[in-house]
$ cat structure-v8.cif   # mmCIF, C-alpha atoms and all ligand atoms
data_model
loop_
_atom_site.group_PDB
_atom_site.id
_atom_site.type_symbol
_atom_site.label_atom_id
_atom_site.label_comp_id
_atom_site.auth_asym_id
_atom_site.auth_seq_id
_atom_site.Cartn_x
_atom_site.Cartn_y
_atom_site.Cartn_z
ATOM 1 C CA MET V 1 100.343 60.098 82.843
ATOM 2 C CA LYS V 2 103.814 59.907 84.279
ATOM 3 C CA LYS V 3 104.805 62.334 86.967
ATOM 4 C CA LEU V 4 106.832 65.108 85.419
ATOM 5 C CA LEU V 5 110.052 66.345 86.911
ATOM 6 C CA PRO V 6 111.559 69.751 86.227
ATOM 7 C CA GLY V 7 114.003 69.438 83.361
ATOM 8 C CA ASP V 8 112.021 66.694 81.595
ATOM 9 C CA ILE V 9 111.932 67.087 77.833
ATOM 10 C CA LEU V 10 108.745 65.952 76.113
ATOM 11 C CA TYR V 11 107.932 65.249 72.511
ATOM 12 C CA PHE V 12 104.751 66.766 71.145
ATOM 13 C CA GLU V 13 102.669 63.592 71.610
ATOM 14 C CA GLU V 14 103.484 63.510 75.282
ATOM 15 C CA PHE V 15 103.333 67.288 75.811
ATOM 16 C CA LYS V 16 99.754 67.501 74.558
ATOM 17 C CA LYS V 17 98.603 65.008 77.181
ATOM 18 C CA TYR V 18 99.333 67.755 79.713
ATOM 19 C CA HIS V 19 98.817 70.922 77.696
ATOM 20 C CA LYS V 20 95.638 69.824 75.960
ATOM 21 C CA ASN V 21 94.696 73.017 74.171
ATOM 22 C CA ILE V 22 97.782 73.159 72.004
ATOM 23 C CA ARG V 23 96.627 76.174 69.997
ATOM 24 C CA VAL V 24 97.124 78.558 72.887
ATOM 25 C CA GLY V 25 99.953 79.127 75.317
ATOM 26 C CA ILE V 26 97.612 79.168 78.282
ATOM 27 C CA TYR V 27 95.734 75.934 78.934
ATOM 28 C CA ILE V 28 92.720 76.233 81.220
ATOM 29 C CA LYS V 29 91.259 73.201 82.926
ATOM 30 C CA LYS V 30 88.131 73.502 85.081
ATOM 31 C CA GLY V 31 88.467 77.261 85.313
ATOM 32 C CA HIS V 32 92.076 77.189 86.444
ATOM 33 C CA VAL V 33 95.228 77.734 84.463
ATOM 34 C CA TYR V 34 96.728 74.243 84.321
ATOM 35 C CA SER V 35 99.771 74.864 82.162
ATOM 36 C CA ILE V 36 101.612 77.589 80.308
ATOM 37 C CA ARG V 37 103.775 77.214 77.227
ATOM 38 C CA PHE V 38 106.320 79.943 76.579
ATOM 39 C CA ASP V 39 108.809 80.709 73.837
ATOM 40 C CA THR V 40 111.723 83.078 74.257
ATOM 41 C CA SER V 41 113.186 82.298 70.836
ATOM 42 C CA GLU V 42 112.868 84.510 67.808
ATOM 43 C CA HIS V 43 110.325 81.992 66.513
ATOM 44 C CA GLY V 44 107.951 82.876 69.316
ATOM 45 C CA GLU V 45 104.600 84.351 68.409
ATOM 46 C CA TYR V 46 104.865 86.644 71.395
ATOM 47 C CA PRO V 47 107.785 88.385 73.030
ATOM 48 C CA ASP V 48 108.333 86.176 76.072
ATOM 49 C CA ARG V 49 111.531 87.080 77.885
ATOM 50 C CA TRP V 50 113.509 85.825 80.816
ATOM 51 C CA ILE V 51 113.851 88.455 83.473
ATOM 52 C CA ARG V 52 116.129 86.120 85.350
ATOM 53 C CA LYS V 53 116.874 82.894 83.578
ATOM 54 C CA GLY V 54 115.230 79.889 85.170
ATOM 55 C CA GLU V 55 113.545 81.949 87.882
ATOM 56 C CA LEU V 56 111.527 84.842 86.578
ATOM 57 C CA LEU V 57 109.751 85.086 83.239
ATOM 58 C CA ASP V 58 108.046 87.993 81.517
ATOM 59 C CA TYR V 59 105.224 86.329 79.639
ATOM 60 C CA SER V 60 102.881 87.638 76.961
ATOM 61 C CA GLY V 61 99.164 87.231 77.355
ATOM 62 C CA GLN V 62 96.869 85.566 74.822
ATOM 63 C CA GLY V 63 95.821 87.305 71.615
ATOM 64 C CA LYS V 64 97.795 87.396 68.385
ATOM 65 C CA LYS V 65 96.382 90.322 66.484
ATOM 66 C CA GLY V 66 95.673 93.842 67.612
ATOM 67 C CA ASP V 67 95.453 94.831 71.230
ATOM 68 C CA GLN V 68 95.302 92.038 73.736
ATOM 69 C CA THR V 69 92.271 92.097 75.985
ATOM 70 C CA TRP V 70 91.229 90.636 79.307
ATOM 71 C CA ASN V 71 89.715 87.662 77.555
ATOM 72 C CA LEU V 72 89.054 84.243 79.070
ATOM 73 C CA TYR V 73 92.736 83.266 79.079
ATOM 74 C CA ASN V 74 94.218 86.493 80.335
ATOM 75 C CA SER V 75 91.547 86.863 82.993
ATOM 76 C CA ALA V 76 92.220 83.331 84.184
ATOM 77 C CA MET V 77 95.904 84.234 84.478
ATOM 78 C CA ARG V 78 95.102 87.258 86.556
ATOM 79 C CA LYS V 79 92.857 85.162 88.763
ATOM 80 C CA ALA V 80 95.741 82.719 89.162
ATOM 81 C CA GLN V 81 97.852 85.613 90.362
ATOM 82 C CA TYR V 82 95.407 86.410 93.134
ATOM 83 C CA GLU V 83 94.684 82.803 94.030
ATOM 84 C CA GLU V 84 98.409 82.001 94.070
ATOM 85 C CA TYR V 85 98.135 78.418 92.866
ATOM 86 C CA PRO V 86 100.949 76.624 91.031
ATOM 87 C CA ILE V 87 100.913 76.187 87.240
ATOM 88 C CA LYS V 88 102.891 73.794 85.073
ATOM 89 C CA LEU V 89 105.384 75.656 82.920
ATOM 90 C CA PHE V 90 106.696 74.401 79.568
ATOM 91 C CA GLU V 91 109.157 75.925 77.136
ATOM 92 C CA THR V 92 108.896 75.341 73.408
ATOM 93 C CA LEU V 93 112.214 74.032 72.097
ATOM 94 C CA HIS V 94 112.452 74.532 68.367
ATOM 95 C CA GLY V 95 113.878 71.842 66.152
ATOM 96 C CA ASN V 96 112.776 68.853 64.244
ATOM 97 C CA PRO V 97 110.912 67.390 65.967
ATOM 98 C CA MET V 98 109.620 70.083 68.312
ATOM 99 C CA ARG V 99 110.146 69.378 71.970
ATOM 100 C CA TYR V 100 108.962 70.923 75.202
ATOM 101 C CA LYS V 101 110.916 71.412 78.372
ATOM 102 C CA TYR V 102 109.110 71.142 81.695
ATOM 103 C CA TYR V 103 110.124 73.667 84.371
ATOM 104 C CA GLY V 104 107.933 72.523 87.248
ATOM 105 C CA GLU V 105 105.074 74.407 88.857
ATOM 106 C CA TRP V 106 105.395 78.160 88.817
ATOM 107 C CA TYR V 107 103.356 81.132 89.994
ATOM 108 C CA VAL V 108 101.856 84.177 88.322
ATOM 109 C CA ILE V 109 103.048 87.042 90.498
ATOM 110 C CA ASN V 110 102.160 90.101 88.444
ATOM 111 C CA SER V 111 100.051 91.282 85.531
ATOM 112 C CA TYR V 112 99.909 94.568 83.695
ATOM 113 C CA GLU V 113 99.295 96.129 80.317
ATOM 114 C CA LYS V 114 102.124 97.415 78.192
ATOM 115 C CA ILE V 115 101.994 99.425 75.000
ATOM 116 C CA PHE V 116 104.722 98.254 72.673
ATOM 117 C CA PRO V 117 106.593 100.533 70.269
ATOM 118 C CA SER V 118 104.394 99.138 67.493
ATOM 119 C CA GLY V 119 101.426 100.661 69.325
ATOM 120 C CA GLN V 120 100.024 97.245 70.166
ATOM 121 C CA LYS V 121 98.747 96.764 73.698
ATOM 122 C CA LEU V 122 100.026 93.572 75.229
ATOM 123 C CA ILE V 123 99.081 92.018 78.519
ATOM 124 C CA ARG V 124 102.146 90.918 80.419
ATOM 125 C CA PHE V 125 102.477 88.421 83.218
ATOM 126 C CA THR V 126 105.428 87.924 85.505
ATOM 127 C CA ILE V 127 105.830 84.246 86.267
ATOM 128 C CA SER V 128 108.015 83.194 89.163
ATOM 129 C CA LYS V 129 109.554 79.931 90.211
ATOM 130 C CA PHE V 130 109.082 80.940 93.826
ATOM 131 C CA PRO V 131 105.813 81.197 95.670
ATOM 132 C CA LYS V 132 105.291 84.052 98.047
ATOM 133 C CA GLU V 133 105.576 81.768 101.068
ATOM 134 C CA ASP V 134 109.128 80.806 100.202
ATOM 135 C CA LEU V 135 110.127 84.409 99.865
ATOM 136 C CA LYS V 136 108.642 85.107 103.251
ATOM 137 C CA LYS V 137 110.671 82.356 104.832
ATOM 138 C CA CYS V 138 113.785 83.624 103.164
ATOM 139 C CA GLU V 139 116.015 85.474 105.541
ATOM 140 C CA ASN V 140 117.243 87.744 102.821
ATOM 141 C CA GLU V 141 113.735 88.621 101.803
ATOM 142 C CA LYS V 142 114.523 92.272 101.352
ATOM 143 C CA GLU V 143 117.519 91.463 99.238
ATOM 144 C CA VAL V 144 115.570 89.029 97.083
ATOM 145 C CA ILE V 145 112.791 91.507 96.513
ATOM 146 C CA LEU V 146 115.030 94.415 95.741
ATOM 147 C CA LYS V 147 117.026 92.192 93.425
ATOM 148 C CA LEU V 148 113.848 91.096 91.680
ATOM 149 C CA SER V 149 112.718 94.636 91.127
ATOM 150 C CA ASP V 150 116.223 95.498 89.919
ATOM 151 C CA ASP V 151 116.088 92.644 87.466
ATOM 152 C CA LEU V 152 112.778 93.884 86.186
ATOM 153 C CA LYS V 153 114.433 97.148 85.290
ATOM 154 C CA ASN V 154 116.873 95.389 83.013
ATOM 155 C CA VAL V 155 114.371 93.738 80.738
ATOM 156 C CA SER V 156 114.893 94.922 77.213
ATOM 157 C CA TYR V 157 111.647 96.809 76.751
ATOM 158 C CA ASP V 158 112.024 98.764 79.962
ATOM 159 C CA ILE V 159 109.710 96.895 82.211
ATOM 160 C CA ILE V 160 110.335 98.719 85.406
ATOM 161 C CA GLU V 161 107.274 97.880 87.417
ATOM 162 C CA PRO V 162 107.969 95.799 90.485
ATOM 163 C CA PRO V 163 105.793 92.695 90.746
ATOM 164 C CA ASN V 164 102.785 93.722 92.777
ATOM 165 C CA ARG V 165 102.852 90.379 94.534
ATOM 166 C CA TYR V 166 105.573 92.035 96.565
ATOM 167 C CA LYS V 167 103.825 95.330 96.781
ATOM 168 C CA ALA V 168 103.449 95.512 100.534
ATOM 169 C CA THR V 169 107.010 94.491 101.158
ATOM 170 C CA ILE V 170 108.386 96.658 98.432
ATOM 171 C CA ASN V 171 106.607 99.673 99.782
ATOM 172 C CA ARG V 172 107.964 98.953 103.205
ATOM 173 C CA VAL V 173 111.450 98.147 101.988
ATOM 174 C CA ILE V 174 111.750 100.896 99.468
ATOM 175 C CA ARG V 175 110.459 103.564 101.758
ATOM 176 C CA ASP V 176 113.193 102.538 104.127
ATOM 177 C CA THR V 177 115.932 102.612 101.558
ATOM 178 C CA GLN V 178 118.567 105.244 101.321
ATOM 179 C CA LYS V 179 117.112 106.711 98.183
ATOM 180 C CA ALA V 180 114.376 108.806 99.717
ATOM 181 C CA ASN V 181 116.696 109.934 102.475
ATOM 182 C CA GLN V 182 119.360 110.891 99.988
ATOM 183 C CA LEU V 183 116.961 113.153 98.194
ATOM 184 C CA LYS V 184 115.759 114.710 101.461
ATOM 185 C CA GLU V 185 119.377 115.498 102.182
ATOM 186 C CA VAL V 186 119.831 117.043 98.729
ATOM 187 C CA TYR V 187 116.977 119.447 99.437
ATOM 188 C CA ASN V 188 118.189 120.085 102.939
ATOM 189 C CA TRP V 189 114.918 118.733 104.354
ATOM 190 C CA THR V 190 112.821 121.498 102.839
ATOM 191 C CA CYS V 191 109.627 121.256 100.782
ATOM 192 C CA GLN V 192 110.170 121.770 97.043
ATOM 193 C CA ILE V 193 106.930 123.735 96.871
ATOM 194 C CA CYS V 194 106.835 125.970 99.935
ATOM 195 C CA ASN V 195 110.443 125.781 101.060
ATOM 196 C CA GLN V 196 109.308 125.007 104.600
ATOM 197 C CA ARG V 197 111.512 123.010 106.902
ATOM 198 C CA LEU V 198 109.851 121.463 109.929
ATOM 199 C CA PRO V 199 112.059 120.926 112.953
ATOM 200 C CA ARG V 200 111.742 117.582 114.671
ATOM 201 C CA ASN V 201 114.025 118.484 117.513
ATOM 202 C CA SER V 202 116.998 120.798 117.952
ATOM 203 C CA ASN V 203 119.057 119.281 115.155
ATOM 204 C CA GLU V 204 116.739 117.163 113.010
ATOM 205 C CA TYR V 205 114.040 118.009 110.491
ATOM 206 C CA TYR V 206 110.985 116.316 109.139
ATOM 207 C CA VAL V 207 110.121 116.126 105.448
ATOM 208 C CA GLU V 208 108.481 113.504 103.251
ATOM 209 C CA VAL V 209 109.203 112.005 99.858
ATOM 210 C CA HIS V 210 106.352 111.707 97.424
ATOM 211 C CA HIS V 211 106.433 109.113 94.641
ATOM 212 C CA ILE V 212 104.656 110.878 91.793
ATOM 213 C CA GLN V 213 103.635 107.620 90.157
ATOM 214 C CA PRO V 214 102.863 105.612 93.294
ATOM 215 C CA LEU V 215 104.949 102.539 93.982
ATOM 216 C CA GLY V 216 103.682 99.046 93.321
ATOM 217 C CA GLY V 217 100.106 97.931 92.947
ATOM 218 C CA LYS V 218 98.078 99.121 90.019
ATOM 219 C CA HIS V 219 100.209 102.247 89.650
ATOM 220 C CA ASN V 220 103.527 100.388 89.550
ATOM 221 C CA GLY V 221 105.753 103.448 89.909
ATOM 222 C CA VAL V 222 109.486 103.147 90.423
ATOM 223 C CA ASP V 223 111.679 104.128 93.328
ATOM 224 C CA GLU V 224 113.875 106.557 91.436
ATOM 225 C CA PHE V 225 114.712 110.225 91.944
ATOM 226 C CA SER V 226 113.003 110.885 88.606
ATOM 227 C CA ASN V 227 109.744 109.839 90.302
ATOM 228 C CA MET V 228 110.262 111.688 93.593
ATOM 229 C CA LEU V 229 109.501 115.030 95.154
ATOM 230 C CA VAL V 230 110.576 116.201 98.587
ATOM 231 C CA LEU V 231 107.512 117.721 100.234
ATOM 232 C CA CYS V 232 106.140 118.930 103.531
ATOM 233 C CA PRO V 233 103.196 116.856 104.818
ATOM 234 C CA ASN V 234 100.636 119.383 103.544
ATOM 235 C CA HIS V 235 101.873 119.439 99.997
ATOM 236 C CA HIS V 236 102.409 115.712 100.104
ATOM 237 C CA ALA V 237 98.728 115.246 100.997
ATOM 238 C CA LEU V 238 97.620 117.545 98.178
ATOM 239 C CA PHE V 239 99.623 115.435 95.730
ATOM 240 C CA ASP V 240 98.353 112.161 97.158
ATOM 241 C CA TYR V 241 94.745 113.257 96.811
ATOM 242 C CA GLY V 242 95.339 114.602 93.315
ATOM 243 C CA VAL V 243 94.404 118.130 94.301
ATOM 244 C CA ILE V 244 97.579 119.437 92.701
ATOM 245 C CA GLY V 245 99.640 118.392 89.712
ATOM 246 C CA ILE V 246 102.692 119.512 87.771
ATOM 247 C CA GLY V 247 102.451 121.856 84.784
ATOM 248 C CA SER V 248 104.671 122.055 81.714
ATOM 249 C CA ASN V 249 106.903 124.648 83.381
ATOM 250 C CA LEU V 250 107.150 122.566 86.528
ATOM 251 C CA GLU V 251 104.646 124.815 88.253
ATOM 252 C CA VAL V 252 101.863 123.649 90.537
ATOM 253 C CA ILE V 253 98.604 123.193 88.670
ATOM 254 C CA SER V 254 95.201 122.649 90.230
ATOM 255 C CA TYR V 255 91.520 122.757 89.419
ATOM 256 C CA PHE V 256 90.867 123.856 92.985
ATOM 257 C CA ASP V 257 91.439 126.977 94.982
ATOM 258 C CA VAL V 258 94.791 126.272 96.624
ATOM 259 C CA ASP V 259 97.457 128.747 97.721
ATOM 260 C CA CYS V 260 100.306 127.072 95.914
ATOM 261 C CA LYS V 261 98.583 127.120 92.499
ATOM 262 C CA GLY V 262 100.985 128.478 89.865
ATOM 263 C CA LYS V 263 103.944 128.276 92.222
ATOM 264 C CA LYS V 264 107.136 127.100 90.557
ATOM 265 C CA ILE V 265 108.383 123.878 92.106
ATOM 266 C CA TYR V 266 112.018 124.217 93.066
ATOM 267 C CA PHE V 267 114.422 121.726 91.509
ATOM 268 C CA ARG V 268 118.099 121.182 92.003
ATOM 269 C CA GLU V 269 119.948 121.118 88.729
ATOM 270 C CA ASP V 270 120.753 117.410 88.973
ATOM 271 C CA HIS V 271 117.211 116.395 89.864
ATOM 272 C CA LYS V 272 115.094 115.794 86.779
ATOM 273 C CA LEU V 273 111.637 114.283 86.764
ATOM 274 C CA ASP V 274 110.659 111.715 84.194
ATOM 275 C CA PRO V 275 108.005 113.425 82.018
ATOM 276 C CA ALA V 276 106.137 110.107 81.937
ATOM 277 C CA VAL V 277 105.497 110.146 85.685
ATOM 278 C CA ILE V 278 104.243 113.736 85.519
ATOM 279 C CA ASP V 279 101.975 112.699 82.713
ATOM 280 C CA TYR V 280 100.805 109.716 84.701
ATOM 281 C CA HIS V 281 99.984 111.839 87.727
ATOM 282 C CA ASN V 282 98.199 114.500 85.702
ATOM 283 C CA HIS V 283 96.104 111.964 83.815
ATOM 284 C CA VAL V 284 95.462 109.282 86.383
ATOM 285 C CA ILE V 285 95.635 110.905 89.809
ATOM 286 C CA LEU V 286 94.981 114.611 89.367
ATOM 287 C CA GLN V 287 91.370 115.516 90.045
ATOM 288 C CA THR V 288 89.816 117.759 87.444
ATOM 289 C CA SER V 289 86.564 118.538 89.225
HETATM 290 ZN ZN ZN V 301 105.215 122.424 101.322
#
$ encode --input "structure-v8.cif" --output "C-alpha cells" --more "lines below"
Ligand SMILES: [Zn+2]
Amino acid sequence: MKKLLPGDILYFEEFKKYHKNIRVGIYIKKGHVYSIRFDTSEHGEYPDRWIRKGELLDYSGQGKKGDQTWNLYNSAMRKAQYEEYPIKLFETLHGNPMRYKYYGEWYVINSYEKIFPSGQKLIRFTISKFPKEDLKKCENEKEVILKLSDDLKNVSYDIIEPPNRYKATINRVIRDTQKANQLKEVYNWTCQICNQRLPRNSNEYYVEVHHIQPLGGKHNGVDEFSNMLVLCPNHHALFDYGVIGIGSNLEVISYFDVDCKGKKIYFREDHKLDPAVIDYHNHVILQTS
C-alpha cells in the first residue's frame, strides 16, 4: 500500500484497501479505530458537519435506524478518545465515480449524545486535526481553546458543549475569564439567594459564580450568563452537592431541611437563566433523597 498524504484523492478500489469495512463509516482493525469515512454533503447518511473546515469535524456515530447506541463502533471511538491515538480520516466525494479524499491522521477529542429534533438519539464525536500535545505547545493555547469552544457554539444544531479533551484547561481558562467577574459586578458581589456580601478587605468583596450545568466533562455546560448564578460559598456548596435546586418560580427547592428552602432567588431584569440548565440541574444533580 502506498503511503498516503493528506489531500490524496482515492478511487473506491484504492480506498477500500485502507478502509476495509466499507459498509460502515468507522473501520476497526485489531480493536482500534483505523479509519473514519465522513460525508458532509446532503447525500450523507448521517449529519456530519464541519465545525471548522479542515480542522474540526462534528461526526455522527454508527447506527442508521432508531437511537444510536454505544455499540462496538461507537464504543471503539470513545476508547480512541481516551487513548488519544491518531486515526485516518477520509471524506466521501460524490460523483461518478465516487472518490475519497484523505485528510491525514486525526484525533477523537470528544463524544456525547444528542437528541435531534426528530427525537432520534445520535452519538456525536468531535474529531480534530490537532492532538492535545500540539495544543499544549501552542503559545496561544487559551486563544485556541476558547476559539474552539466558540466554534462549537456556531454549529447549526446548537452544539454548545466544549470538547472535554480540553476540559481541564477550559475550566481553568473560563473561570478566569471576564464573564464570571462581569456577573459578580452586576450583582454587586452579593449572593442571589441570601443577599450576603463577604468583605475580603476594606474595599473588596468575595463571591462565587456557580455554573448550573457544570462546565466541560460529562456535564458539558456552557460559560454563559444563562448558566450562571452569583452565590456565597455556602449556597454555592449546596448547589454543587445538589442539596438545592431551582423551582418553577425561581425559588429554592430542596428535599432536605435547609433554611433557604422556598426563598425566591433574586434576579436582575437582564439576567435570564436558560430553562434547560435548570432542568438539567434538577434532573441530574439535585438529590431527591
Ligand atoms: Zn448565599
$ resolve_selection --input "structure-v8.cif" --expression "the PyMOL selection byres (((chain V and resi 93) around 10) and not hetatm)" --output "PyMOL selection string"
chain V and resi 9-11+38-41+43+90-92+94-101
$ resolve_selection --input "structure-v8.cif" --expression "the PyMOL selection byres (((chain V and resi 119) around 12) and not hetatm)" --output "PyMOL selection string"
chain V and resi 65-68+114-118+120-122
$ residues_near_ligand --input "structure-v8.cif" --ligand "ligand ZN 301 (chain V)" --cutoff "6 Å" --atoms "only C-alpha atoms and all ligand atoms" --output "number ranges by chain"
V: 191, 193-194, 196, 231-232, 234-235
$ atom_distance --input "structure-v8.cif" --atom1 "CA of Tyr241 (chain V)" --atom2 "CA of Tyr82 (chain V)"
27.1 Å
$ residues_around --input "structure-v8.cif" --residues "Asn227 (chain V)" --least-positions-apart "5" --cutoff "10 Å" --atoms "all atoms listed in the file" --output "list in words"
Val209, His210, His211, Ile212, Gln213, Pro214, Leu215, Gly221, Val222, His271, Lys272, Leu273, Asp274, Pro275, Ala276, Val277 and Ile278 of chain V
$ closest_residue --input "structure-v8.cif" --among "V:Gly54, V:Gly7, V:Gly61, V:Pro233" --to "Ile36 (chain V)" --atoms "only C-alpha atoms"
V:Gly61
